[in-house]
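Listing of query-v3.tsv; format and content: TSV, C-alpha atoms and all ligand atoms.
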chain	number	residue	atom	x	y	z
L	1	MET	CA	136.51	189.29	-204.20
L	2	THR	CA	134.96	185.93	-203.34
L	3	ALA	CA	131.48	184.82	-204.33
L	4	SER	CA	130.44	184.59	-200.70
L	5	LYS	CA	131.21	188.27	-200.25
L	6	ARG	CA	129.02	189.02	-203.26
L	7	GLU	CA	126.20	186.96	-201.79
L	8	ARG	CA	126.34	189.03	-198.64
L	9	ASP	CA	126.40	192.23	-200.63
L	10	VAL	CA	122.90	191.67	-201.93
L	11	ASN	CA	121.63	192.38	-198.43
L	12	THR	CA	123.00	195.89	-198.62
L	13	LEU	CA	120.30	196.59	-201.19
L	14	CYS	CA	117.60	196.40	-198.58
L	15	SER	CA	117.44	197.10	-194.89
L	16	PHE	CA	114.66	196.50	-192.45
L	17	LEU	CA	113.68	198.31	-189.30
L	18	ASN	CA	111.47	196.15	-187.12
L	19	PHE	CA	109.49	197.93	-184.44
L	20	ASN	CA	107.72	194.72	-183.41
L	21	THR	CA	110.80	192.74	-182.47
L	22	THR	CA	109.06	189.74	-180.88
L	23	TRP	CA	106.71	188.93	-183.77
L	24	GLU	CA	108.59	185.92	-185.20
L	25	ALA	CA	108.93	184.36	-181.75
L	26	ASP	CA	105.28	185.10	-181.02
L	27	MET	CA	104.38	183.14	-184.19
L	28	GLY	CA	105.60	179.96	-182.51
L	29	ASP	CA	108.13	177.17	-182.94
L	30	ASP	CA	107.09	176.05	-186.44
L	31	PHE	CA	107.51	179.56	-187.75
L	32	LEU	CA	110.90	179.96	-186.09
L	33	ARG	CA	112.02	176.60	-187.55
L	34	TYR	CA	110.95	177.79	-191.00
L	35	ARG	CA	112.91	181.02	-190.65
L	36	ARG	CA	116.01	179.12	-189.53
L	37	ALA	CA	115.65	176.63	-192.41
L	38	TRP	CA	115.33	179.51	-194.86
L	39	GLN	CA	118.53	181.14	-193.62
L	40	GLU	CA	120.53	177.92	-193.37
L	41	ASN	CA	119.45	176.51	-196.74
L	42	THR	CA	120.17	179.82	-198.41
L	43	ARG	CA	123.59	180.17	-196.80
L	44	HIS	CA	124.70	176.60	-197.60
L	45	LYS	CA	122.93	176.36	-200.98
L	46	THR	CA	121.06	173.30	-199.78
L	47	LEU	CA	118.72	171.88	-202.37
L	48	THR	CA	115.41	171.04	-200.72
L	49	ARG	CA	112.93	168.52	-202.14
L	50	PHE	CA	110.55	171.32	-203.13
L	51	PRO	CA	111.17	175.08	-203.35
L	52	MET	CA	110.80	176.69	-199.95
L	53	HIS	CA	108.85	179.51	-201.54
L	54	LEU	CA	106.56	180.03	-204.55
L	55	ASP	CA	105.73	183.39	-206.11
L	56	PHE	CA	102.30	183.42	-207.69
L	57	ASP	CA	101.69	185.94	-210.46
L	58	LEU	CA	97.99	186.35	-209.68
L	59	THR	CA	97.46	189.31	-212.00
L	60	ASN	CA	99.31	192.07	-213.83
L	61	ALA	CA	96.38	194.46	-213.38
L	62	CYS	CA	97.17	197.74	-211.63
L	63	THR	CA	95.46	201.11	-211.46
L	64	LEU	CA	98.68	203.04	-210.76
L	65	ALA	CA	101.43	204.16	-213.11
L	66	CYS	CA	104.44	204.65	-210.84
L	67	PRO	CA	107.20	206.09	-213.03
L	68	PHE	CA	109.94	203.75	-211.72
L	69	CYS	CA	107.91	200.50	-211.95
L	70	PRO	CA	108.79	197.82	-214.56
L	71	ARG	CA	105.09	197.46	-215.40
L	72	THR	CA	104.90	201.17	-216.25
L	73	GLN	CA	107.93	200.77	-218.52
L	74	LEU	CA	106.29	197.84	-220.32
L	75	VAL	CA	103.15	199.90	-220.92
L	76	ARG	CA	105.23	202.86	-222.09
L	77	GLN	CA	107.18	200.65	-224.50
L	78	GLY	CA	103.98	199.11	-225.90
L	79	ARG	CA	105.02	195.66	-224.63
L	80	TYR	CA	102.35	195.19	-221.95
L	81	PRO	CA	100.80	191.82	-222.77
L	82	GLY	CA	97.22	192.73	-221.79
L	83	THR	CA	95.63	192.09	-218.42
L	84	TYR	CA	95.52	188.53	-217.09
L	85	ARG	CA	94.33	186.81	-213.93
L	86	MET	CA	95.35	183.42	-212.60
L	87	PRO	CA	92.38	181.01	-212.48
L	88	PHE	CA	91.71	179.70	-208.97
L	89	GLU	CA	92.19	176.12	-210.21
L	90	VAL	CA	95.77	176.85	-211.36
L	91	TYR	CA	96.59	178.36	-208.00
L	92	GLU	CA	95.01	175.48	-206.10
L	93	LYS	CA	96.84	172.79	-208.08
L	94	ALA	CA	100.25	174.33	-207.46
L	95	LEU	CA	99.49	175.08	-203.83
L	96	ARG	CA	98.26	171.57	-203.05
L	97	GLU	CA	101.36	170.01	-204.56
L	98	GLY	CA	103.50	172.36	-202.47
L	99	ALA	CA	101.59	171.71	-199.27
L	100	GLU	CA	102.23	167.97	-199.70
L	101	LYS	CA	105.93	168.36	-200.43
L	102	GLY	CA	107.27	170.93	-197.98
L	103	LEU	CA	106.36	174.37	-199.33
L	104	LEU	CA	106.90	176.88	-196.51
L	105	ALA	CA	106.07	180.30	-197.91
L	106	ILE	CA	104.19	182.01	-200.72
L	107	ASN	CA	104.01	185.48	-202.14
L	108	LEU	CA	100.82	186.43	-203.96
L	109	ASN	CA	102.00	188.99	-206.45
L	110	ALA	CA	104.54	189.59	-209.18
L	111	GLY	CA	104.19	192.61	-211.45
L	112	GLY	CA	100.62	193.61	-210.60
L	113	GLU	CA	98.29	194.57	-207.76
L	114	PRO	CA	97.06	191.40	-206.01
L	115	LEU	CA	94.08	193.12	-204.36
L	116	LEU	CA	92.54	193.37	-207.84
L	117	HIS	CA	92.23	189.58	-208.09
L	118	PRO	CA	88.63	188.73	-207.15
L	119	ASP	CA	89.62	185.36	-205.62
L	120	LEU	CA	92.37	186.73	-203.38
L	121	PRO	CA	90.54	186.26	-200.04
L	122	ARG	CA	89.81	182.58	-200.71
L	123	MET	CA	93.33	182.05	-202.06
L	124	VAL	CA	94.77	183.33	-198.76
L	125	LYS	CA	92.37	181.19	-196.76
L	126	LEU	CA	93.18	178.04	-198.74
L	127	ALA	CA	96.91	178.55	-198.13
L	128	ALA	CA	96.31	178.97	-194.39
L	129	ASP	CA	94.05	175.90	-194.32
L	130	LEU	CA	96.76	173.87	-196.07
L	131	GLY	CA	99.29	174.88	-193.44
L	132	ILE	CA	101.54	177.21	-195.45
L	133	LEU	CA	103.50	179.01	-192.74
L	134	ASP	CA	104.18	182.34	-194.40
L	135	ILE	CA	101.57	183.89	-196.70
L	136	MET	CA	102.53	187.34	-197.89
L	137	LEU	CA	101.70	189.91	-200.52
L	138	HIS	CA	102.88	193.33	-201.64
L	139	THR	CA	100.27	195.99	-202.34
L	140	SER	CA	99.90	199.72	-202.85
L	141	ALA	CA	96.96	199.59	-200.35
L	142	VAL	CA	94.91	201.69	-202.78
L	143	HIS	CA	92.25	198.96	-202.82
L	144	LEU	CA	92.60	197.96	-199.16
L	145	ASP	CA	89.04	198.76	-198.15
L	146	GLU	CA	87.51	197.49	-194.92
L	147	ALA	CA	86.07	194.30	-196.41
L	148	MET	CA	89.37	193.39	-198.05
L	149	ALA	CA	91.37	194.12	-194.89
L	150	ARG	CA	88.99	192.00	-192.82
L	151	SER	CA	89.10	189.07	-195.23
L	152	LEU	CA	92.92	189.10	-195.35
L	153	ILE	CA	93.27	189.27	-191.57
L	154	GLU	CA	90.62	186.64	-190.91
L	155	GLY	CA	91.87	184.45	-193.77
L	156	GLY	CA	95.33	184.12	-192.28
L	157	LEU	CA	97.62	186.44	-194.26
L	158	THR	CA	100.91	186.53	-192.33
L	159	LYS	CA	102.62	189.54	-193.95
L	160	LEU	CA	101.01	192.60	-195.48
L	161	ILE	CA	103.75	194.55	-197.22
L	162	ILE	CA	102.71	197.99	-198.41
L	163	SER	CA	104.60	200.04	-200.97
L	164	PHE	CA	104.63	203.66	-199.83
L	165	ASP	CA	107.47	205.84	-200.99
L	166	SER	CA	107.11	209.24	-199.38
L	167	PRO	CA	105.54	210.74	-196.24
L	168	ILE	CA	104.99	214.02	-198.10
L	169	PRO	CA	101.60	213.99	-199.85
L	170	GLU	CA	102.57	215.82	-203.05
L	171	HIS	CA	105.72	213.79	-203.41
L	172	TYR	CA	103.96	210.49	-202.69
L	173	GLU	CA	101.39	211.27	-205.39
L	174	GLN	CA	104.14	211.97	-207.93
L	175	LEU	CA	105.88	208.68	-207.20
L	176	ARG	CA	102.68	206.60	-206.79
L	177	LYS	CA	100.90	208.10	-209.77
L	178	ASN	CA	97.05	207.83	-209.57
L	179	ALA	CA	97.09	207.07	-205.81
L	180	ARG	CA	95.74	209.60	-203.30
L	181	PHE	CA	97.87	210.06	-200.19
L	182	ASP	CA	95.04	210.69	-197.70
L	183	ALA	CA	92.96	207.76	-198.94
L	184	VAL	CA	95.87	205.31	-198.80
L	185	VAL	CA	96.93	206.43	-195.31
L	186	ALA	CA	93.31	206.01	-194.19
L	187	ASN	CA	93.23	202.49	-195.68
L	188	ILE	CA	96.42	201.52	-193.87
L	189	ASN	CA	95.27	202.98	-190.56
L	190	ARG	CA	91.93	201.18	-190.84
L	191	ALA	CA	93.69	197.85	-191.45
L	192	ILE	CA	95.93	198.46	-188.41
L	193	ASP	CA	92.89	199.26	-186.25
L	194	LEU	CA	91.01	196.22	-187.53
L	195	LYS	CA	93.92	193.93	-186.72
L	196	LYS	CA	93.92	195.30	-183.16
L	197	GLU	CA	90.14	194.98	-182.89
L	198	LEU	CA	90.33	191.35	-184.04
L	199	ARG	CA	93.23	190.73	-181.61
L	200	SER	CA	95.16	189.13	-184.42
L	201	LEU	CA	98.92	188.58	-184.37
L	202	THR	CA	98.88	188.55	-188.15
L	203	PRO	CA	99.54	190.05	-190.56
L	204	PHE	CA	102.87	191.66	-189.75
L	205	ILE	CA	102.36	195.06	-191.40
L	206	ARG	CA	105.44	196.46	-193.09
L	207	ILE	CA	105.77	199.61	-195.18
L	208	ASN	CA	108.36	199.43	-197.95
L	209	MET	CA	110.03	202.52	-199.35
L	210	VAL	CA	111.92	202.24	-202.63
L	211	GLN	CA	114.86	204.57	-202.23
L	212	MET	CA	115.69	206.60	-205.31
L	213	LYS	CA	117.39	209.88	-206.12
L	214	GLU	CA	113.95	211.46	-205.77
L	215	ASN	CA	113.18	210.40	-202.18
L	216	HIS	CA	116.15	208.93	-200.31
L	217	HIS	CA	116.53	212.08	-198.22
L	218	GLU	CA	113.06	211.42	-196.73
L	219	ARG	CA	114.07	208.26	-194.88
L	220	GLN	CA	113.97	209.76	-191.37
L	221	GLN	CA	110.62	211.43	-192.08
L	222	MET	CA	109.26	208.02	-193.11
L	223	ILE	CA	110.39	206.53	-189.80
L	224	ASP	CA	108.83	209.39	-187.84
L	225	PHE	CA	105.60	209.17	-189.84
L	226	TRP	CA	105.00	205.43	-189.37
L	227	ARG	CA	106.92	204.08	-186.39
L	228	GLU	CA	104.11	204.29	-183.82
L	229	ARG	CA	101.63	202.43	-185.99
L	230	ILE	CA	103.23	199.62	-187.98
L	231	ASP	CA	105.34	196.54	-187.29
L	232	GLY	CA	108.26	197.39	-189.52
L	233	LEU	CA	109.74	199.49	-192.29
L	234	GLY	CA	111.72	198.26	-195.28
L	235	PHE	CA	114.12	200.44	-197.26
L	236	LEU	CA	114.75	198.93	-200.67
L	237	GLU	CA	117.31	200.32	-203.05
L	238	TYR	CA	115.79	201.14	-206.41
L	239	ILE	CA	116.68	198.57	-209.10
L	240	ASN	CA	116.32	199.32	-212.76
L	241	TYR	CA	114.96	195.92	-213.80
L	242	TYR	CA	116.35	194.83	-217.17
L	243	GLN	CA	117.33	198.49	-217.69
L	244	TRP	CA	113.81	199.27	-218.87
L	245	ASP	CA	113.65	202.60	-217.02
L	246	ASP	CA	115.26	205.36	-219.07
L	247	ARG	CA	115.87	207.58	-216.02
L	248	ASP	CA	118.87	207.19	-213.71
L	249	ARG	CA	117.30	206.92	-210.28
L	250	TYR	CA	120.12	205.13	-208.47
L	251	VAL	CA	121.21	206.77	-205.23
L	252	HIS	CA	124.63	205.08	-205.47
L	253	PRO	CA	126.45	204.22	-208.72
L	254	VAL	CA	126.16	200.51	-209.51
L	255	ARG	CA	127.81	198.02	-211.80
L	256	TYR	CA	127.14	194.41	-212.79
L	257	GLN	CA	129.08	192.02	-210.53
L	258	GLU	CA	130.34	189.21	-212.76
L	259	ASP	CA	130.95	186.86	-209.84
L	260	PHE	CA	127.55	187.39	-208.26
L	261	VAL	CA	125.75	184.24	-207.05
L	262	CYS	CA	122.00	184.73	-206.82
L	263	GLU	CA	120.32	182.93	-203.95
L	264	LYS	CA	116.94	182.57	-205.62
L	265	PRO	CA	117.59	179.25	-207.49
L	266	TRP	CA	117.96	177.61	-204.07
L	267	GLN	CA	114.90	179.28	-202.57
L	268	ARG	CA	112.04	179.74	-204.95
L	269	LEU	CA	110.22	179.35	-208.23
L	270	GLY	CA	107.50	181.45	-209.82
L	271	ILE	CA	104.11	180.31	-211.07
L	272	ALA	CA	102.83	182.29	-214.05
L	273	HIS	CA	99.14	183.15	-214.33
L	274	ASP	CA	98.55	180.30	-216.77
L	275	GLY	CA	100.43	177.68	-214.76
L	276	ARG	CA	103.84	177.89	-216.41
L	277	ILE	CA	106.64	177.27	-213.94
L	278	LYS	CA	109.05	180.21	-213.96
L	279	PHE	CA	112.76	179.95	-213.25
L	280	CYS	CA	112.62	183.37	-211.63
L	281	HIS	CA	109.77	185.47	-210.31
L	282	LEU	CA	111.50	188.60	-211.63
L	283	ASP	CA	111.07	187.33	-215.19
L	284	ASP	CA	108.26	189.76	-216.00
L	285	LEU	CA	107.81	188.50	-219.55
L	286	ASP	CA	107.91	184.78	-218.59
L	287	GLU	CA	110.91	184.20	-220.87
L	288	VAL	CA	112.38	181.19	-219.02
L	289	THR	CA	109.89	178.53	-218.03
L	290	LEU	CA	110.38	174.94	-216.90
L	291	GLY	CA	107.12	173.42	-218.13
L	292	THR	CA	103.61	173.93	-216.89
L	293	ILE	CA	101.95	172.60	-213.76
L	294	ILE	CA	99.43	170.86	-216.03
L	295	ASP	CA	102.02	168.35	-217.25
L	296	THR	CA	105.05	168.79	-214.97
L	297	PRO	CA	105.12	168.40	-211.19
L	298	ILE	CA	106.79	171.46	-209.68
L	299	GLU	CA	109.08	169.12	-207.75
L	300	GLU	CA	110.34	167.68	-211.04
L	301	ALA	CA	110.99	171.14	-212.51
L	302	TRP	CA	112.80	172.20	-209.32
L	303	GLN	CA	115.10	169.20	-209.34
L	304	GLY	CA	115.37	168.86	-213.12
L	305	ALA	CA	118.38	169.22	-215.40
L	306	GLN	CA	117.59	172.77	-216.48
L	307	MET	CA	117.49	174.16	-212.93
L	308	GLN	CA	120.54	172.14	-211.99
L	309	ALA	CA	122.47	173.60	-214.93
L	310	TYR	CA	121.49	177.13	-213.89
L	311	ARG	CA	122.63	176.47	-210.32
L	312	GLU	CA	125.97	175.12	-211.50
L	313	LEU	CA	126.58	178.12	-213.76
L	314	GLN	CA	125.81	180.42	-210.85
L	315	GLN	CA	128.15	178.62	-208.48
L	316	GLN	CA	130.93	178.58	-211.08
L	317	GLY	CA	130.73	182.38	-211.36
L	318	ARG	CA	129.28	182.11	-214.90
L	319	ILE	CA	126.01	183.92	-214.24
L	320	ARG	CA	126.41	185.89	-217.50
L	321	GLU	CA	125.88	182.62	-219.40
L	322	ILE	CA	122.26	182.56	-218.22
L	323	ASP	CA	120.71	185.00	-220.65
L	324	LEU	CA	117.96	186.16	-218.29
L	325	CYS	CA	120.41	186.71	-215.41
L	326	SER	CA	122.82	188.53	-217.71
L	327	ARG	CA	120.10	191.13	-218.33
L	328	CYS	CA	118.83	191.20	-214.73
L	329	SER	CA	119.59	194.06	-212.41
L	330	THR	CA	119.83	192.03	-209.22
L	331	PRO	CA	123.60	191.51	-209.76
L	332	MET	CA	123.98	195.30	-210.03
L	333	MET	CA	125.77	196.28	-206.84
L	334	PRO	CA	126.98	199.59	-205.48
L	335	GLU	CA	130.49	200.42	-206.62
L	336	GLU	CA	133.33	199.70	-204.24
L	337	PRO	CA	134.15	202.80	-202.19
L	401	LIG	S1	117.03	186.68	-213.20
L	401	LIG	FE1	118.05	187.94	-211.61
L	401	LIG	S2	116.93	187.52	-209.71
L	401	LIG	FE2	116.39	185.91	-211.18
L	401	LIG	S3	117.84	184.24	-210.75
L	401	LIG	FE3	118.77	185.50	-212.36
L	401	LIG	S4	120.07	187.00	-211.26
L	401	LIG	FE4	118.65	186.08	-209.74

Kindly present the structure from the file in structure tokens form.
Amino acid sequence: MTASKRERDVNTLCSFLNFNTTWEADMGDDFLRYRRAWQENTRHKTLTRFPMHLDFDLTNACTLACPFCPRTQLVRQGRYPGTYRMPFEVYEKALREGAEKGLLAINLNAGGEPLLHPDLPRMVKLAADLGILDIMLHTSAVHLDEAMARSLIEGGLTKLIISFDSPIPEHYEQLRKNARFDAVVANINRAIDLKKELRSLTPFIRINMVQMKENHHERQQMIDFWRERIDGLGFLEYINYYQWDDRDRYVHPVRYQEDFVCEKPWQRLGIAHDGRIKFCHLDDLDEVTLGTIIDTPIEEAWQGAQMQAYRELQQQGRIREIDLCSRCSTPMMPEEP
């Protein structure tokens, strides 16, 4: 099988159902150009001057303990590094460099709950003021109270992606341990109403469901539960990151694809809470870093010899020679039928 087939296969791990089908066009020409550039650069492995996207690890704090989450596994294994928060100055330095050099999109979370960062509203607003086209975050919505929802909508968040894994209250509370179903649904509904009241096109509100053995049969119920209220639904296949989870939750059997080519080294870099530049945002323990924004421009790290070597190994089908990638679960693909 060719590498290009493997690249396409990664998309089978997630599928999206958009109810608001005109949203991208409604966002205007600049947004549409960005989406086209993203797709074209990814497809052709075009190296841009600056990463198109940065993932900011604002905090690893979280009040939940979802059994399938890598953070929960780290806590269980006694390897949780203690709670951290990215200082506003670190965020601002990276963001300003990006805004000058072509950064298009940012995501404001990694392994924690971004709504627990006290500076989140002004971080979103700064990104919008600097002209970043796509400003997104993933949240459980547990802490999405009215003030937070208002500040995110008014600040210019473009995508609010909410993790919500079951439409059945008891089941949801087992999978999203410590969250209360009724309270979270109320938070989401209030944010939807507020967006309407403010006549705001943004954020696009998407609910993501991680599909596992435990819940994949609830897919249609999820659609029925949410379709009238939100902009889209995402169905993500469960991934056992770095094989930290000791339960087998895969719906379909998977195996590591040796000829997998990951698209991320042509799209994005991560920024750790302390300003280290991360090769991959999925590197929860910050094992592979390319310097720190204090002494290395992100542009230099992106175009530097280390990144270039990683890209070449990927394209040559030698992904296993990158230690982090050899332990990553992204190349785990469903078995051939
Ligand atoms: S660690 Fe995983 S997600 Fe990150 S670049 Fe390697 S294969 Fe891709």

Grab me every residue within 7 Å of ligand LIG 401 (chain L), counting all atoms listed in the file, and send it over as a list in words.
->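 Going residue by residue within 7 Å of ligand LIG 401 (chain L), we get Cys262, Glu263, Lys264, Pro265, Cys280, His281, Leu282, Asp283, Leu324, Cys325, Cys328, Ser329, Thr330 and Pro331 of chain L.
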
Distance query His273 in chain L at most 7 Å, only C-alpha atoms, self and fewer than 3 positions along chain excluded, as a VMD selection string | chain L and resid 57 to 59 85 to 86

For the residues in the current selection, export C-alpha atoms as a tab-separated table (two decimals), in the coordinates of the input.
chain	number	residue	atom	x	y	z
L	57	ASP	CA	101.69	185.94	-210.46
L	58	LEU	CA	97.99	186.35	-209.68
L	59	THR	CA	97.46	189.31	-212.00
L	85	ARG	CA	94.33	186.81	-213.93
L	86	MET	CA	95.35	183.42	-212.60

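Residue nearest Ile223 in chain L within the list L:Phe204, L:Phe68, L:Trp266, L:Phe164: L:Phe164 [criterion: smallest interatomic distance, all atoms listed in the file].
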
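Between Glu154 in chain L and the candidates L:Leu130, L:Gln314, L:Leu137, L:Glu197, the tightest atom-to-atom separation, counting all atoms listed in the file, involves L:Glu197.
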
In Å, how far is it from CA of Gly156 in chain L to CA of Arg227 in chain L?
->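 The value is 23.8 Å.
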
Compile the contact shell of Pro334 in chain L as a count of residues only: residues with an atom at most 7 Å away, counting only C-alpha atoms, same-chain residues fewer than 3 positions apart removed.
-> 4

Among the residues L:Asn18, L:Thr72, L:Gln77, L:Thr63, the one that comes closest to Ser140 in chain L [using only C-alpha atoms] |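 Closest candidate: L:Thr63.
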
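When all atoms listed in the file are used to measure the gap to Ala65 in chain L, the shortest distance among L:Ala191, L:Ile298, L:Ala179, L:Val261 belongs to L:Ala179.
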
Pick from L:Leu95, L:Ile168, L:Ala37, L:Leu17: nearest to Glu299 in chain L, with only C-alpha atoms counted?
->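 Between L:Leu95, L:Ile168, L:Ala37, L:Leu17, the residue approaching Glu299 in chain L most closely is L:Leu95.
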
Of the residues L:Ile192, L:Pro121, L:Ala301, L:Asp259, which is the one nearest to Lys278 in chain L, using all atoms listed in the file?
->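 For Lys278 in chain L, the nearest of the given residues is L:Ala301.
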
CA of Tyr172 in chain L and CA of Cys62 in chain L are how many Å apart?
->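 Separation between CA of Tyr172 in chain L and CA of Cys62 in chain L: 17.0 Å.
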
Please identify all polymer residues within 12 Å of range 231-236 of chain L, counting only C-alpha atoms, omitting same-chain residues fewer than 5 positions from it, and present them as number ranges by chain.
-> L: 10-24, 138, 159-166, 192, 195, 201-212, 215-226, 250-251

Kindly extract all protein, DNA and RNA residues lying within 6 Å of the coordinates (108.9, 175.6, -209.0) given in the file, considering only C-alpha atoms, and supply them as number ranges by chain.
-> L: 269, 277, 298, 302

Taking the point (108.5, 178.8, -205.6) as given in the file, collect each protein or nucleic acid residue that comes within 6 Å of it, counting all atoms listed in the file, and present the set as a PDB file with C-alpha atoms, in the coordinates of the input.
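Printed below is out-v9.pdb as written:
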ATOM      1  CA  PRO L  51     111.170 175.080-203.350  1.00  0.00           C
ATOM      2  CA  HIS L  53     108.850 179.510-201.540  1.00  0.00           C
ATOM      3  CA  LEU L  54     106.560 180.030-204.550  1.00  0.00           C
ATOM      4  CA  ASP L  55     105.730 183.390-206.110  1.00  0.00           C
ATOM      5  CA  ARG L 268     112.040 179.740-204.950  1.00  0.00           C
ATOM      6  CA  LEU L 269     110.220 179.350-208.230  1.00  0.00           C
ATOM      7  CA  GLY L 270     107.500 181.450-209.820  1.00  0.00           C
TER       8      GLY L 270
END

Which value, in Å to one decimal, gives the distance between CA of Arg276 in chain L and CA of Ala94 in chain L?
->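 That distance, rounded to one decimal, is 10.3 Å.
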
Would you give me, as a tab-separated table, each residue of range 118-191 of chain L having an atom within 10 Å of an atom of range 26-34 of chain L, along with its shortest atom pair and that distance in Å to one decimal, using only C-alpha atoms and sorting by chain and residue number?
residue	atom	partner	partner_atom	distance
L:Leu133	CA	L:Phe31	CA	6.4
L:Asp134	CA	L:Phe31	CA	7.9
L:Thr158	CA	L:Met27	CA	9.5

Repair of range 17-28 of chain L at the level of N, CA and C atoms, as a tab-separated table (two decimals), keeping the file's coordinate frame:
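Now in result27.tsv:
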chain	number	residue	atom	x	y	z
L	17	LEU	N	113.75	197.75	-190.65
L	17	LEU	CA	113.68	198.31	-189.30
L	17	LEU	C	112.43	197.71	-188.68
L	18	ASN	N	112.63	196.78	-187.75
L	18	ASN	CA	111.47	196.15	-187.12
L	18	ASN	C	111.14	196.84	-185.81
L	19	PHE	N	109.93	197.33	-185.70
L	19	PHE	CA	109.49	197.93	-184.44
L	19	PHE	C	108.89	196.86	-183.54
L	20	ASN	N	108.28	195.85	-184.16
L	20	ASN	CA	107.72	194.72	-183.41
L	20	ASN	C	108.76	193.60	-183.41
L	21	THR	N	109.63	193.62	-182.44
L	21	THR	CA	110.80	192.74	-182.47
L	21	THR	C	110.50	191.32	-181.99
L	22	THR	N	109.35	191.09	-181.42
L	22	THR	CA	109.06	189.74	-180.88
L	22	THR	C	108.15	188.95	-181.81
L	23	TRP	N	107.76	189.53	-182.95
L	23	TRP	CA	106.71	188.93	-183.77
L	23	TRP	C	107.05	187.49	-184.21
L	24	GLU	N	108.25	187.27	-184.71
L	24	GLU	CA	108.59	185.92	-185.20
L	24	GLU	C	108.49	184.91	-184.05
L	25	ALA	N	109.01	185.28	-182.89
L	25	ALA	CA	108.93	184.36	-181.75
L	25	ALA	C	107.48	184.15	-181.34
L	26	ASP	N	106.69	185.22	-181.39
L	26	ASP	CA	105.28	185.10	-181.02
L	26	ASP	C	104.53	184.16	-181.97
L	27	MET	N	105.04	184.01	-183.20
L	27	MET	CA	104.38	183.14	-184.19
L	27	MET	C	104.56	181.66	-183.85
L	28	GLY	N	105.49	181.34	-182.98
L	28	GLY	CA	105.60	179.96	-182.51
L	28	GLY	C	106.77	179.20	-183.11
